[in-house]
Every structure is written in structure tokens, then in C-alpha cells.
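**Student:** So that we are looking at the same thing, I have put the structure below in C-alpha cells.
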Amino acid sequence: MTVIVKKTTQLIAGMVFLYGIYVIIHGHLTPGGGFAGGVVMAGSFILLILAFGSDFMHLTKEESGSTLYENLAILVVVFLSVSGLLYGARIFFLNWLPKGTAGELVSAGMLPLYNIFVGIEVASSILTIFLALVIFKEETLE
């Protein structure tokens, strides 16, 4: 890729990543949430890989960095959903945090936490799928 494409991608990828964080954090107030924001965040990494090539992330045939984040995020979501049972209410996915004032950023109890960790899980899953396709493509070309 040319220098123009690389510099433009460097500028745009940061803004795309921040927009993904915005969609995740405001997911309980506006349309969006963990899945949509995770896809946007993964898109920022995919832009960088497309502009700089697969050497940008030092890809190997056994890429495990993104799968680690994926597994940790799933583990946290499961722990948050079971926390209602541990809280003593015997209700799975219990929203036991204070609800706050409607319409404010901290106003949904456990829902923003679910959005954050689902966003991390989705971003790392989509990035893992993309990396697997890139690694597989390079392997078949050799």
C-alpha cells in the first residue's frame, strides 16, 4: 500500500475504534450495544491489517492473542450472569446494581457491564475469524 493509504488508515482507525467504544458505552441509551460496537472496534483493527499487511501484527500460524481476550470476555459475562445467583436472589442475570436516573450514562445497573464485555468478545471473535482467514490465505499461497 502507498504512504497515503497507510497514513489515512492510521488516522481513521483510531476514530473508528473510539466510535466503537462510544456505541458500546451508550448501548443502553441509544441503538447499538455490545455486538454493534464490537463489530466497529474489530473493523478498526481489520483496517490496519489491510493497510499494513499481515506483518503488521506479526501473525503466526497459531495466533492466540485475540482468542485470549475472547475467552476472558466470555468468562466475565458468565460470571456477571451468575452473580445474581451468588448475590442470593436465585435469579440468573439479576440486575442487582443500582439503576440510577433514567437517561443518564450510569442508569442501567448491570447492562453497561454486559455491553462492555460482549463488545470485547465480539471484537476479538471477529478479529480472530479475520486473522484465521488471512493466515489460511497465506498458507495456501505458499
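Every chain in the C-alpha cells has a letter given in the order shown (A, B, ...), and although residue numbers restart at 1 in each chain, ligands are simply numbered from 1 in the order shown.
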Using only C-alpha atoms, what does the table of stretch 29-124 of chain A residues within 12 Å of stretch 6-15 of chain A look like, with each row giving the shortest atom pair and its distance in Å to one decimal, sorted by chain and ascending number, as JSON lines?
**Tutor:**
{"residue": "A:Val40", "atom": "CA", "partner": "A:Ala13", "partner_atom": "CA", "distance": 10.0}
{"residue": "A:Met41", "atom": "CA", "partner": "A:Ala13", "partner_atom": "CA", "distance": 8.9}
{"residue": "A:Ala42", "atom": "CA", "partner": "A:Ala13", "partner_atom": "CA", "distance": 9.9}
{"residue": "A:Gly43", "atom": "CA", "partner": "A:Ala13", "partner_atom": "CA", "distance": 8.1}
{"residue": "A:Ser44", "atom": "CA", "partner": "A:Ala13", "partner_atom": "CA", "distance": 4.7}
{"residue": "A:Phe45", "atom": "CA", "partner": "A:Ala13", "partner_atom": "CA", "distance": 7.1}
{"residue": "A:Ile46", "atom": "CA", "partner": "A:Ala13", "partner_atom": "CA", "distance": 8.9}
{"residue": "A:Leu47", "atom": "CA", "partner": "A:Ala13", "partner_atom": "CA", "distance": 6.6}
{"residue": "A:Leu48", "atom": "CA", "partner": "A:Thr9", "partner_atom": "CA", "distance": 6.4}
{"residue": "A:Ile49", "atom": "CA", "partner": "A:Thr9", "partner_atom": "CA", "distance": 9.7}
{"residue": "A:Leu50", "atom": "CA", "partner": "A:Thr9", "partner_atom": "CA", "distance": 9.2}
{"residue": "A:Ala51", "atom": "CA", "partner": "A:Lys6", "partner_atom": "CA", "distance": 5.7}
{"residue": "A:Phe52", "atom": "CA", "partner": "A:Lys6", "partner_atom": "CA", "distance": 6.6}
{"residue": "A:Gly53", "atom": "CA", "partner": "A:Lys6", "partner_atom": "CA", "distance": 10.2}
{"residue": "A:Phe56", "atom": "CA", "partner": "A:Lys6", "partner_atom": "CA", "distance": 11.4}
**Student:** I'd like the contact shell of A:Trp96 - 8 Å cut-off, only C-alpha atoms, skipping same-chain residues fewer than 6 positions apart - returned as a PyMOL selection string.
**Tutor:** chain A and resi 84+87+109-110
**Student:** According to DSSP computed on the backbone, where in stretch 17-113 of chain A is there helix (DSSP H, G or I)? Give the residues as a ChimeraX atom specification.
**Tutor:** /A:17-25,34-52,54-57,65-87,111-113
**Student:** What does the structure give for the distance between atom CA of A:His28 and atom CA of A:Gly103, in Å to one decimal?
**Tutor:** 9.0 Å
**Student:** Which polymer residues have any atom within 12 Å of an atom of A:Glu104, counting only C-alpha atoms, with same-chain residues fewer than 5 positions away left out, as a list in words?
**Tutor:**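 These residues fall inside the cut-off: Ile25, His26, Gly27, His28, Leu29, Thr30, Lys99, Gly109 and Pro112 of chain A.
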**Student:** Now that the selection is made, can you save its residues with N, CA and C atoms as an mmCIF file, in the first residue's frame?
**Tutor:**
data_model
loop_
_atom_site.group_PDB
_atom_site.id
_atom_site.type_symbol
_atom_site.label_atom_id
_atom_site.label_comp_id
_atom_site.auth_asym_id
_atom_site.auth_seq_id
_atom_site.Cartn_x
_atom_site.Cartn_y
_atom_site.Cartn_z
ATOM 1 N N ILE A 25 -20.568 1.872 25.066
ATOM 2 C CA ILE A 25 -20.876 2.530 26.343
ATOM 3 C C ILE A 25 -22.283 3.117 26.357
ATOM 4 N N HIS A 26 -22.744 3.624 25.229
ATOM 5 C CA HIS A 26 -24.077 4.220 25.173
ATOM 6 C C HIS A 26 -25.127 3.242 24.656
ATOM 7 N N GLY A 27 -24.831 1.950 24.670
ATOM 8 C CA GLY A 27 -25.731 0.950 24.109
ATOM 9 C C GLY A 27 -27.058 0.825 24.827
ATOM 10 N N HIS A 28 -27.121 1.166 26.107
ATOM 11 C CA HIS A 28 -28.383 1.057 26.833
ATOM 12 C C HIS A 28 -29.225 2.322 26.691
ATOM 13 N N LEU A 29 -28.667 3.371 26.077
ATOM 14 C CA LEU A 29 -29.409 4.615 25.884
ATOM 15 C C LEU A 29 -29.807 4.842 24.429
ATOM 16 N N THR A 30 -29.014 4.333 23.502
ATOM 17 C CA THR A 30 -29.246 4.544 22.081
ATOM 18 C C THR A 30 -29.192 3.196 21.369
ATOM 19 N N LYS A 99 -29.926 1.201 39.827
ATOM 20 C CA LYS A 99 -30.364 1.566 38.475
ATOM 21 C C LYS A 99 -30.011 2.995 38.105
ATOM 22 N N GLY A 109 -27.773 -0.262 35.708
ATOM 23 C CA GLY A 109 -27.317 -1.347 36.560
ATOM 24 C C GLY A 109 -26.238 -2.182 35.891
ATOM 25 N N PRO A 112 -24.697 -1.978 31.267
ATOM 26 C CA PRO A 112 -23.460 -1.468 30.650
ATOM 27 C C PRO A 112 -22.282 -2.434 30.780
#
**Student:** Of the candidates A:Ile24, A:Pro31, A:Val16, A:Gly38, which one gets nearest to A:Glu70 if we count only C-alpha atoms?
**Tutor:**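 Checking each candidate against A:Glu70, we get A:Gly38 as the closest.
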**Student:** Nearest to A:Leu97: which of A:Leu113, A:Ile4, A:Val118, A:Leu72 is it, counting only C-alpha atoms?
**Tutor:** A:Leu113
**Student:** Calculated over only C-alpha atoms, which of the candidates A:Val39, A:Thr101, A:Val106, A:Leu94 has the smallest distance to A:Ile126?
**Tutor:**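 When distances to A:Ile126 are compared using only C-alpha atoms, the smallest one comes from A:Val39.
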**Student:** With only C-alpha atoms as the basis for distance, which of A:Val5, A:Gly20, A:Phe117, A:Thr67 is at the shortest distance from A:Ala132?
**Tutor:**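 Result for the nearest residue to A:Ala132: A:Thr67.
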**Student:** Which distance in Å separates atom CA of A:Tyr22 and atom CA of A:Leu111, to one decimal?
**Tutor:**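 Distance between the two atoms: 14.8 Å.
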**Student:** What lies within 12 Å of A:Leu75 using only C-alpha atoms, ignoring chain neighbours under 3 positions off, as a ChimeraX atom specification?
**Tutor:** /A:68-72,78-82,114,117-118,120-121
**Student:** Output the selection as a PDB file, in the first residue's frame - C-alpha atoms for each residue.
**Tutor:**
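What ended up in out.pdb:
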ATOM      1  CA  LEU A  68      -7.328 -14.993  24.905  1.00  0.00           C
ATOM      2  CA  TYR A  69      -9.406 -11.789  25.054  1.00  0.00           C
ATOM      3  CA  GLU A  70     -12.376 -13.648  23.620  1.00  0.00           C
ATOM      4  CA  ASN A  71     -12.213 -16.346  26.297  1.00  0.00           C
ATOM      5  CA  LEU A  72     -11.687 -13.859  29.131  1.00  0.00           C
ATOM      6  CA  VAL A  78     -20.802 -15.759  32.520  1.00  0.00           C
ATOM      7  CA  PHE A  79     -19.586 -14.593  35.931  1.00  0.00           C
ATOM      8  CA  LEU A  80     -21.767 -11.451  35.739  1.00  0.00           C
ATOM      9  CA  SER A  81     -24.811 -13.504  34.772  1.00  0.00           C
ATOM     10  CA  VAL A  82     -24.206 -15.982  37.596  1.00  0.00           C
ATOM     11  CA  TYR A 114     -22.736  -6.759  29.800  1.00  0.00           C
ATOM     12  CA  PHE A 117     -17.719  -7.412  27.825  1.00  0.00           C
ATOM     13  CA  VAL A 118     -19.931  -8.584  24.969  1.00  0.00           C
ATOM     14  CA  ILE A 120     -14.831  -7.123  23.761  1.00  0.00           C
ATOM     15  CA  GLU A 121     -15.888 -10.693  22.988  1.00  0.00           C
TER      16      GLU A 121
END
**Student:** Between atom CA of A:Ala36 and atom CA of A:Leu127, what is the distance, to one decimal in Å?
**Tutor:**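 It comes out at 13.9 Å.
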**Student:** Which residue gives the smallest distance to A:Ile74 among A:Ser124, A:Asn95, A:Thr2, A:Ser107, with only C-alpha atoms counted?
**Tutor:** A:Ser124
